[in-house]
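Participant: Next comes protein35.tsv, TSV, C-alpha atoms:
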chain	number	residue	atom	x	y	z
A	1	MET	CA	-29.43	-6.85	16.81
A	2	SER	CA	-26.68	-4.73	15.34
A	3	ASP	CA	-27.29	-1.80	13.06
A	4	LEU	CA	-27.68	-3.30	9.59
A	5	LEU	CA	-27.20	0.01	7.79
A	6	TYR	CA	-23.91	0.45	5.97
A	7	SER	CA	-21.24	2.27	7.96
A	8	GLU	CA	-19.14	5.09	6.51
A	9	GLU	CA	-16.20	2.70	6.23
A	10	GLU	CA	-18.33	0.16	4.35
A	11	GLU	CA	-19.58	2.80	1.95
A	12	ALA	CA	-16.00	3.96	1.34
A	13	LEU	CA	-15.00	0.36	0.64
A	14	ARG	CA	-17.92	0.01	-1.77
A	15	SER	CA	-16.93	3.18	-3.61
A	16	ALA	CA	-13.33	2.02	-4.00
A	17	VAL	CA	-14.29	-1.46	-5.25
A	18	ARG	CA	-16.94	-0.10	-7.62
A	19	GLY	CA	-14.48	2.40	-9.07
A	20	LEU	CA	-11.89	-0.31	-9.68
A	21	LEU	CA	-14.45	-2.59	-11.31
A	22	ALA	CA	-15.72	0.22	-13.51
A	23	ASP	CA	-12.18	0.70	-14.83
A	24	ARG	CA	-11.16	-2.95	-15.16
A	25	CYS	CA	-14.31	-5.08	-15.34
A	26	ASP	CA	-16.82	-3.51	-17.70
A	27	ALA	CA	-19.27	-5.68	-19.62
A	28	ALA	CA	-17.11	-5.84	-22.74
A	29	ALA	CA	-14.13	-7.10	-20.74
A	30	VAL	CA	-16.19	-9.80	-19.02
A	31	LEU	CA	-17.67	-10.95	-22.33
A	32	ALA	CA	-14.26	-11.05	-23.98
A	33	ARG	CA	-12.79	-13.14	-21.16
A	34	ALA	CA	-15.76	-15.54	-21.28
A	35	GLU	CA	-14.71	-16.48	-24.80
A	36	THR	CA	-11.22	-17.55	-23.67
A	37	ASP	CA	-9.97	-20.57	-21.75
A	38	GLU	CA	-8.75	-18.43	-18.85
A	39	PRO	CA	-10.59	-19.48	-15.66
A	40	HIS	CA	-10.17	-16.07	-13.96
A	41	ASP	CA	-9.31	-12.49	-14.79
A	42	ARG	CA	-5.86	-12.63	-13.25
A	43	ALA	CA	-5.10	-8.93	-13.74
A	44	LEU	CA	-8.32	-7.96	-11.95
A	45	TRP	CA	-7.64	-10.43	-9.15
A	46	LYS	CA	-4.17	-8.94	-8.67
A	47	ALA	CA	-5.65	-5.43	-8.50
A	48	LEU	CA	-8.22	-6.51	-5.91
A	49	THR	CA	-5.70	-8.40	-3.78
A	50	ASP	CA	-2.28	-6.79	-4.18
A	51	GLY	CA	-3.70	-3.34	-4.69
A	52	MET	CA	-6.55	-3.33	-2.15
A	53	GLY	CA	-5.84	-6.28	0.16
A	54	LEU	CA	-9.35	-7.66	-0.21
A	55	ALA	CA	-8.37	-11.35	-0.19
A	56	GLY	CA	-7.38	-11.04	3.47
A	57	LEU	CA	-10.47	-9.32	4.86
A	58	LEU	CA	-11.51	-12.35	6.93
A	59	VAL	CA	-7.97	-13.32	7.94
A	60	PRO	CA	-6.83	-12.06	11.38
A	61	GLU	CA	-4.09	-9.44	11.38
A	62	GLU	CA	-1.70	-11.69	13.30
A	63	LEU	CA	-1.87	-14.15	10.39
A	64	GLY	CA	-1.21	-11.50	7.75
A	65	GLY	CA	-4.76	-10.44	6.91
A	66	GLN	CA	-6.87	-7.32	7.36
A	67	GLY	CA	-8.80	-8.50	10.41
A	68	ALA	CA	-12.10	-7.18	9.05
A	69	THR	CA	-15.51	-8.87	9.33
A	70	HIS	CA	-18.07	-10.58	7.16
A	71	ARG	CA	-19.88	-7.26	6.76
A	72	GLU	CA	-16.98	-5.82	4.78
A	73	ALA	CA	-16.63	-9.03	2.76
A	74	ALA	CA	-20.35	-8.83	1.98
A	75	VAL	CA	-19.95	-5.30	0.60
A	76	VAL	CA	-17.16	-6.53	-1.69
A	77	LEU	CA	-19.34	-9.40	-2.88
A	78	GLU	CA	-22.21	-7.03	-3.64
A	79	GLU	CA	-19.97	-5.09	-5.99
A	80	LEU	CA	-18.49	-8.22	-7.54
A	81	GLY	CA	-22.04	-9.45	-8.12
A	82	ARG	CA	-23.00	-6.20	-9.81
A	83	ALA	CA	-20.13	-6.71	-12.25
A	84	VAL	CA	-20.35	-10.55	-12.49
A	85	ALA	CA	-16.59	-10.31	-11.94
A	86	PRO	CA	-14.72	-13.47	-12.99
A	87	VAL	CA	-12.55	-13.74	-9.86
A	88	PRO	CA	-12.40	-16.47	-7.18
A	89	TYR	CA	-13.29	-14.17	-4.28
A	90	LEU	CA	-16.23	-16.17	-2.91
A	91	THR	CA	-14.52	-19.54	-3.27
A	92	SER	CA	-11.04	-18.57	-2.05
A	93	ALA	CA	-11.32	-15.45	0.14
A	94	VAL	CA	-14.56	-16.59	1.81
A	95	VAL	CA	-15.27	-20.33	1.64
A	96	ALA	CA	-11.69	-21.67	1.68
A	97	THR	CA	-10.61	-19.03	4.20
A	98	GLU	CA	-13.49	-19.78	6.57
A	99	THR	CA	-12.78	-23.50	6.29
A	100	LEU	CA	-9.16	-22.90	7.29
A	101	LEU	CA	-10.20	-20.64	10.18
A	102	ALA	CA	-11.93	-23.68	11.69
A	103	CYS	CA	-8.56	-25.49	11.81
A	104	GLU	CA	-7.19	-23.62	14.87
A	105	PRO	CA	-4.71	-21.48	12.90
A	106	GLY	CA	-3.89	-19.52	16.05
A	107	ARG	CA	-1.63	-22.38	17.08
A	108	GLY	CA	0.46	-21.98	13.95
A	109	GLY	CA	1.15	-24.83	11.58
A	110	GLU	CA	-0.01	-25.57	8.07
A	111	ALA	CA	-3.41	-23.85	8.36
A	112	ALA	CA	-1.87	-20.59	9.59
A	113	GLU	CA	0.74	-20.61	6.85
A	114	LEU	CA	-1.87	-21.24	4.18
A	115	LEU	CA	-4.14	-18.49	5.51
A	116	GLY	CA	-1.26	-16.05	5.28
A	117	ALA	CA	-0.71	-17.05	1.66
A	118	LEU	CA	-4.41	-16.68	0.82
A	119	ALA	CA	-4.50	-13.25	2.45
A	120	THR	CA	-1.99	-11.95	-0.09
A	121	GLY	CA	-4.06	-13.22	-3.02
A	122	ARG	CA	-0.97	-14.73	-4.62
A	123	THR	CA	-2.24	-18.19	-3.62
A	124	VAL	CA	-5.78	-19.21	-4.56
A	125	ALA	CA	-7.54	-22.07	-2.79
A	126	ALA	CA	-10.76	-23.94	-3.46
A	127	LEU	CA	-12.73	-26.23	-1.19
A	128	ALA	CA	-12.99	-29.56	-3.01
A	129	VAL	CA	-16.69	-29.97	-2.37
A	130	GLY	CA	-19.33	-29.76	-5.09
A	131	LEU	CA	-20.74	-26.26	-5.52
A	132	ALA	CA	-24.28	-27.56	-4.95
A	133	ALA	CA	-23.45	-28.91	-1.46
A	134	ALA	CA	-25.41	-27.28	1.36
A	135	PRO	CA	-24.02	-26.74	4.88
A	136	GLY	CA	-24.35	-29.95	6.87
A	137	ALA	CA	-25.15	-32.14	3.88
A	138	ALA	CA	-23.52	-35.56	3.47
A	139	LEU	CA	-20.55	-35.14	1.15
A	140	PRO	CA	-18.83	-37.49	-1.26
A	141	SER	CA	-15.22	-37.95	-0.29
A	142	VAL	CA	-11.98	-39.41	-1.55
A	143	ARG	CA	-9.77	-42.04	0.07
A	144	ALA	CA	-6.66	-41.26	2.09
A	145	GLU	CA	-3.88	-43.81	2.34
A	146	ALA	CA	-0.55	-43.06	4.03
A	147	GLY	CA	-0.77	-39.33	3.30
A	148	ALA	CA	-1.85	-39.79	-0.32
A	149	LEU	CA	-5.30	-39.24	-1.82
A	150	HIS	CA	-7.18	-41.40	-4.32
A	151	GLY	CA	-10.57	-40.76	-5.95
A	152	GLU	CA	-12.56	-38.22	-7.93
A	153	LEU	CA	-14.75	-35.24	-7.05
A	154	THR	CA	-17.09	-33.38	-9.41
A	155	GLY	CA	-18.61	-29.92	-9.66
A	156	ILE	CA	-15.77	-28.10	-7.88
A	157	ALA	CA	-16.07	-24.35	-8.40
A	158	ASP	CA	-12.92	-22.44	-9.37
A	159	ALA	CA	-10.72	-25.55	-9.09
A	160	ASP	CA	-9.29	-24.71	-12.51
A	161	GLY	CA	-6.97	-21.89	-11.54
A	162	ALA	CA	-6.61	-22.82	-7.87
A	163	ASP	CA	-3.15	-23.40	-6.44
A	164	VAL	CA	-4.34	-25.42	-3.45
A	165	LEU	CA	-7.35	-27.64	-2.88
A	166	LEU	CA	-8.83	-28.26	0.57
A	167	VAL	CA	-9.99	-31.85	0.47
A	168	PRO	CA	-12.05	-33.69	3.12
A	169	ALA	CA	-11.09	-37.37	3.26
A	170	ASP	CA	-11.76	-39.99	5.94
A	171	GLY	CA	-12.73	-37.37	8.53
A	172	THR	CA	-9.62	-35.23	8.01
A	173	LEU	CA	-9.15	-32.05	6.00
A	174	PHE	CA	-6.12	-32.10	3.69
A	175	ALA	CA	-4.36	-29.44	1.63
A	176	VAL	CA	-3.26	-30.56	-1.82
A	177	ASP	CA	-1.12	-28.58	-4.27
A	178	THR	CA	-2.67	-28.76	-7.72
A	179	ALA	CA	0.63	-28.46	-9.60
A	180	GLN	CA	1.97	-31.81	-8.41
A	181	ASP	CA	1.76	-35.19	-10.10
A	182	GLY	CA	-1.28	-37.22	-9.14
A	183	VAL	CA	-3.72	-34.28	-9.38
A	184	THR	CA	-5.80	-33.81	-12.53
A	185	VAL	CA	-8.20	-30.87	-12.84
A	186	THR	CA	-10.52	-31.19	-15.83
A	187	PRO	CA	-12.66	-28.13	-16.68
A	188	ARG	CA	-16.30	-28.88	-17.47
A	189	THR	CA	-18.78	-26.94	-19.54
A	190	SER	CA	-20.49	-24.61	-17.08
A	191	LEU	CA	-23.67	-22.59	-17.43
A	192	ASP	CA	-22.01	-19.69	-15.61
A	193	LEU	CA	-19.08	-18.60	-17.75
A	194	THR	CA	-17.72	-16.40	-14.95
A	195	ARG	CA	-17.48	-19.14	-12.28
A	196	ARG	CA	-16.43	-22.37	-13.87
A	197	LEU	CA	-16.69	-25.92	-12.56
A	198	ALA	CA	-14.22	-28.77	-12.85
A	199	THR	CA	-13.73	-32.43	-12.04
A	200	VAL	CA	-10.77	-33.18	-9.78
A	201	ALA	CA	-9.10	-36.62	-9.79
A	202	PHE	CA	-6.47	-37.79	-7.29
A	203	ASP	CA	-4.11	-40.66	-8.03
A	204	GLY	CA	-1.72	-40.94	-5.12
A	205	ALA	CA	-1.52	-37.15	-4.67
A	206	ARG	CA	0.54	-36.05	-1.68
A	207	ALA	CA	-1.57	-34.29	0.94
A	208	ARG	CA	-0.91	-32.31	4.13
A	209	ALA	CA	-3.29	-32.87	7.03
A	210	LEU	CA	-4.91	-29.70	8.39
A	211	ALA	CA	-7.63	-30.66	10.86
A	212	GLY	CA	-9.03	-33.72	12.55
A	213	ASP	CA	-12.67	-32.68	12.23
A	214	ALA	CA	-13.14	-32.09	8.54
A	215	ASP	CA	-16.95	-32.07	8.79
A	216	ALA	CA	-17.00	-29.08	11.16
A	217	ALA	CA	-14.49	-27.16	9.06
A	218	VAL	CA	-16.34	-27.83	5.81
A	219	ARG	CA	-19.66	-26.93	7.38
A	220	ARG	CA	-18.27	-23.57	8.55
A	221	GLY	CA	-16.94	-22.85	5.07
A	222	LEU	CA	-20.19	-23.78	3.35
A	223	ARG	CA	-22.27	-21.76	5.82
A	224	ALA	CA	-20.19	-18.67	5.14
A	225	GLY	CA	-20.51	-19.34	1.41
A	226	ALA	CA	-24.29	-19.62	1.59
A	227	ALA	CA	-24.67	-16.55	3.82
A	228	LEU	CA	-22.41	-14.25	1.81
A	229	LEU	CA	-23.59	-15.58	-1.55
A	230	ALA	CA	-26.79	-13.69	-0.72
A	231	SER	CA	-24.81	-10.44	-0.94
A	232	GLU	CA	-23.49	-11.40	-4.37
A	233	GLN	CA	-27.06	-12.19	-5.44
A	234	LEU	CA	-28.16	-8.82	-4.04
A	235	GLY	CA	-25.59	-6.98	-6.15
A	236	LEU	CA	-26.62	-8.95	-9.23
A	237	ALA	CA	-30.33	-8.27	-8.69
A	238	ASP	CA	-29.71	-4.58	-7.99
A	239	TRP	CA	-27.77	-4.20	-11.26
A	240	CYS	CA	-30.57	-5.91	-13.18
A	241	LEU	CA	-33.18	-3.61	-11.65
A	242	THR	CA	-31.15	-0.44	-12.16
A	243	GLU	CA	-30.27	-1.21	-15.77
A	244	THR	CA	-33.81	-2.27	-16.63
A	245	VAL	CA	-35.30	0.93	-15.19
A	246	ARG	CA	-32.76	2.96	-17.14
A	247	TYR	CA	-33.49	1.12	-20.37
A	248	THR	CA	-37.28	1.38	-20.05
A	249	LYS	CA	-36.93	5.14	-19.58
A	250	GLU	CA	-34.93	5.45	-22.80
A	251	ARG	CA	-36.77	2.93	-25.01
A	252	HIS	CA	-39.79	4.46	-26.77
A	253	GLN	CA	-42.85	2.86	-28.32
A	254	PHE	CA	-45.93	4.71	-29.57
A	255	ASN	CA	-44.00	7.91	-28.90
A	256	ARG	CA	-43.77	7.15	-25.18
A	257	PRO	CA	-41.08	5.64	-22.93
A	258	VAL	CA	-42.01	1.99	-22.39
A	259	GLY	CA	-41.36	2.50	-18.70
A	260	SER	CA	-44.44	4.72	-18.54
A	261	PHE	CA	-46.74	1.78	-19.30
A	262	GLN	CA	-48.58	0.74	-16.16
A	263	ALA	CA	-47.95	-2.99	-16.54
A	264	LEU	CA	-44.19	-2.45	-16.64
A	265	LYS	CA	-44.34	-0.04	-13.71
A	266	HIS	CA	-46.02	-2.76	-11.63
A	267	ARG	CA	-43.42	-5.37	-12.59
A	268	LEU	CA	-40.52	-3.07	-11.75
A	269	ALA	CA	-42.13	-1.95	-8.48
A	270	GLN	CA	-42.50	-5.57	-7.42
A	271	LEU	CA	-38.89	-6.24	-8.31
A	272	TRP	CA	-37.78	-3.20	-6.31
A	273	LEU	CA	-39.57	-4.57	-3.23
A	274	GLU	CA	-37.87	-7.93	-3.66
A	275	VAL	CA	-34.44	-6.33	-3.97
A	276	VAL	CA	-35.02	-4.22	-0.83
A	277	ASN	CA	-36.07	-7.32	1.13
A	278	THR	CA	-33.05	-9.22	-0.18
A	279	ARG	CA	-30.78	-6.45	1.08
A	280	ALA	CA	-32.25	-6.79	4.57
A	281	ALA	CA	-31.82	-10.58	4.57
A	282	ALA	CA	-28.27	-10.45	3.16
A	283	ARG	CA	-27.17	-7.78	5.63
A	284	ALA	CA	-28.64	-9.74	8.54
A	285	ALA	CA	-26.75	-12.88	7.48
A	286	ALA	CA	-23.45	-11.03	7.13
A	287	ASP	CA	-23.93	-9.31	10.48
A	288	ALA	CA	-24.81	-12.58	12.22
A	289	LEU	CA	-21.54	-14.12	11.03
A	290	ALA	CA	-19.57	-10.99	11.91
A	291	THR	CA	-20.90	-10.90	15.49
A	292	GLY	CA	-20.82	-14.66	16.06
A	293	SER	CA	-24.56	-14.64	16.70
A	294	ALA	CA	-26.27	-17.80	17.91
A	295	ASP	CA	-28.77	-17.21	15.10
A	296	ALA	CA	-26.13	-17.34	12.34
A	297	ASP	CA	-27.47	-20.63	10.97
A	298	VAL	CA	-31.01	-19.21	10.86
A	299	ALA	CA	-29.87	-15.98	9.21
A	300	ALA	CA	-27.81	-17.82	6.59
A	301	ALA	CA	-30.63	-20.22	5.67
A	302	LEU	CA	-33.18	-17.40	5.53
A	303	ALA	CA	-30.98	-15.18	3.37
A	304	GLN	CA	-30.25	-17.91	0.84
A	305	ALA	CA	-33.85	-19.14	0.73
A	306	TYR	CA	-34.99	-15.62	-0.19
A	307	ALA	CA	-32.10	-14.26	-2.26
A	308	ALA	CA	-31.72	-17.12	-4.74
A	309	PRO	CA	-35.19	-16.82	-6.37
A	310	VAL	CA	-35.05	-13.02	-6.29
A	311	ALA	CA	-31.77	-12.96	-8.24
A	312	VAL	CA	-33.22	-15.30	-10.86
A	313	HIS	CA	-36.42	-13.27	-11.12
A	314	ALA	CA	-34.48	-10.01	-11.48
A	315	ALA	CA	-32.32	-11.43	-14.26
A	316	GLU	CA	-35.32	-12.91	-16.06
A	317	GLU	CA	-37.16	-9.60	-15.90
A	318	ALA	CA	-34.08	-7.75	-17.16
A	319	LEU	CA	-33.83	-10.14	-20.11
A	320	GLN	CA	-37.52	-9.83	-20.97
A	321	LEU	CA	-37.82	-6.08	-20.54
A	322	HIS	CA	-34.73	-5.36	-22.62
A	323	GLY	CA	-36.63	-6.87	-25.55
A	324	GLY	CA	-34.70	-8.05	-28.58
A	325	ILE	CA	-31.37	-6.55	-27.52
A	326	GLY	CA	-31.51	-8.56	-24.31
A	327	MET	CA	-31.44	-11.78	-26.35
A	328	THR	CA	-28.09	-10.98	-27.98
A	329	TRP	CA	-24.67	-12.23	-26.92
A	330	GLU	CA	-23.28	-8.69	-27.04
A	331	HIS	CA	-25.59	-7.49	-24.27
A	332	PRO	CA	-24.31	-8.63	-20.84
A	333	VAL	CA	-27.70	-9.54	-19.36
A	334	HIS	CA	-27.25	-13.20	-20.28
A	335	LEU	CA	-24.18	-13.31	-18.03
A	336	TYR	CA	-26.33	-12.16	-15.11
A	337	LEU	CA	-29.05	-14.71	-15.84
A	338	LYS	CA	-26.51	-17.54	-16.05
A	339	ARG	CA	-24.81	-16.44	-12.82
A	340	ALA	CA	-28.19	-16.14	-11.09
A	341	LYS	CA	-29.29	-19.60	-12.23
A	342	ALA	CA	-25.98	-21.16	-11.20
A	343	ASP	CA	-26.06	-19.35	-7.85
A	344	SER	CA	-29.58	-20.64	-7.21
A	345	ILE	CA	-28.18	-24.13	-6.64
A	346	ALA	CA	-24.88	-23.08	-5.08
A	347	TYR	CA	-24.37	-24.06	-1.42
A	348	GLY	CA	-27.86	-25.55	-1.35
A	349	THR	CA	-31.06	-24.73	-3.18
A	350	ALA	CA	-33.70	-22.39	-1.77
A	351	GLY	CA	-35.84	-25.45	-0.98
A	352	ARG	CA	-32.99	-27.10	0.90
A	353	HIS	CA	-32.48	-23.93	2.97
A	354	ARG	CA	-36.20	-23.68	3.71
A	355	GLU	CA	-36.11	-27.24	5.04
A	356	ALA	CA	-33.08	-26.39	7.18
A	357	LEU	CA	-34.81	-23.24	8.44
A	358	ALA	CA	-37.91	-25.22	9.41
A	359	GLU	CA	-35.74	-27.57	11.48
A	360	LEU	CA	-33.87	-24.70	13.12
A	361	VAL	CA	-37.05	-22.94	14.28
A	362	ASP	CA	-38.89	-26.19	15.08
A	363	LEU	CA	-41.54	-25.84	12.37
A	364	ARG	CA	-41.17	-29.27	10.80
A	365	ALA	CA	-43.68	-30.41	8.21
A	366	PRO	CA	-46.39	-32.73	9.61
When written as structure tokens, how does the structure in this file appear?
Facilitator:
Amino acid sequence: MSDLLYSEEEEALRSAVRGLLADRCDAAAVLARAETDEPHDRALWKALTDGMGLAGLLVPEELGGQGATHREAAVVLEELGRAVAPVPYLTSAVVATETLLACEPGRGGEAAELLGALATGRTVAALAVGLAAAPGAALPSVRAEAGALHGELTGIADADGADVLLVPADGTLFAVDTAQDGVTVTPRTSLDLTRRLATVAFDGARARALAGDADAAVRRGLRAGAALLASEQLGLADWCLTETVRYTKERHQFNRPVGSFQALKHRLAQLWLEVVNTRAAARAAADALATGSADADVAAALAQAYAAPVAVHAAEEALQLHGGIGMTWEHPVHLYLKRAKADSIAYGTAGRHREALAELVDLRAP
């Protein structure tokens, strides 16, 4: 087992990302953007990609990326989770990128070219699979005829704002440009205002074939999404805990800080333990992917099974313990609760991952 503690380089990366988000992605900015029709904060995305090169962390250097590992990407996702940043990092820089990495980009061709474009951040991609799909699950698919796609897919995260869609069809993975005729992306009302869903319809859309084994490529992308989503959930839960502790120290009742009441101390102590355990699970999942461990599937399922309910619990506690102010639109805690609830079904529910974990360790139900 590798050392799961953060390295000096990872802490430096965290500091740089947190500083940028503090300047460009405060709560007021996120709330203001949520009231617009813009799917992403494009200025923030440009700063993260052009300015810091974060979109290419998982892309090998020979293809134009940074050649980093999933551990560094996990640190970035922790900070993005703390800020509920409205950028397509998880969907484009992690899930779509990992899906393309399964397409033998080392041989050149369409996959390599697309990875280079994603690494710059100037091109955004989304895997055209419903956000709720778990790794290995049977997936709805569209029909491919003579290099053109027909059909409809629902619940696609960050499709509105993507330049390219990666679409599994008839056992092959295709790349489809969203700007062309024959592609219709219809935004849907989403619980999470910072990661929106859309329905995608294809009517003879031209497509470029990327890989013969679409199932393996999609499974790799979804596994990376589930594993590293735990780091986003960790950042979210840690923000909720930190802000709630701060607020209960400042809020007074009966001439005492409410945080001094024993019942609240117990609730916050329990939440602290859950956040600490989530950090261990999330770090283990990221490290397993980074090292190519044979236990990567186990680590990913375990991390998501644990992190999803913890993030929801942390956000619920933050909402409750902030009292009346926590119920207002102006306070950002509702953004964290909505993200946590949406994340709890993303890339498979906790129950689905527990079932997968039981199969992986041969502890099937009787």
Participant: In Å, rounded to a single decimal, give me how far atom CA of Glu317 of chain A is from atom CA of Ile345 of chain A.
Facilitator: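 Atom CA of Glu317 of chain A lies at a distance of 19.4 Å from atom CA of Ile345 of chain A.
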Participant: Just the residues within 12 Å of Ala305 of chain A, please, counting all atoms listed in the file, with nothing from its chain fewer than 3 positions along; format it as a VMD selection string.
Facilitator: chain A and resid 134 226 to 227 229 to 230 233 278 281 to 282 285 298 to 302 308 to 311 343 to 358
Participant: Go ahead and compute the interatomic distance for atom CA of Ala126 of chain A and atom CA of Ala157 of chain A, in Å to one decimal.
Facilitator: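 Separation of atom CA of Ala126 of chain A and atom CA of Ala157 of chain A: 7.3 Å.
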Participant: Between atom CA of Cys103 of chain A and atom CA of Ala211 of chain A, what is the distance, to one decimal in Å?
Facilitator: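 Computing the Euclidean distance for atom CA of Cys103 of chain A and atom CA of Ala211 of chain A yields 5.3 Å.
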Participant: Would you please work out which residue, of A:Val87, A:Leu289, A:Ala340, A:Val176, is nearest to Leu54 of chain A when using all atoms listed in the file?
Facilitator: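 Looking at the shortest contact to Leu54 of chain A, the residue is A:Val87.
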Participant: I'd like to know which of A:Asp181, A:His70, A:Thr199, A:Glu113 is closest to Gly130 of chain A, using only C-alpha atoms.
Facilitator: A:Thr199
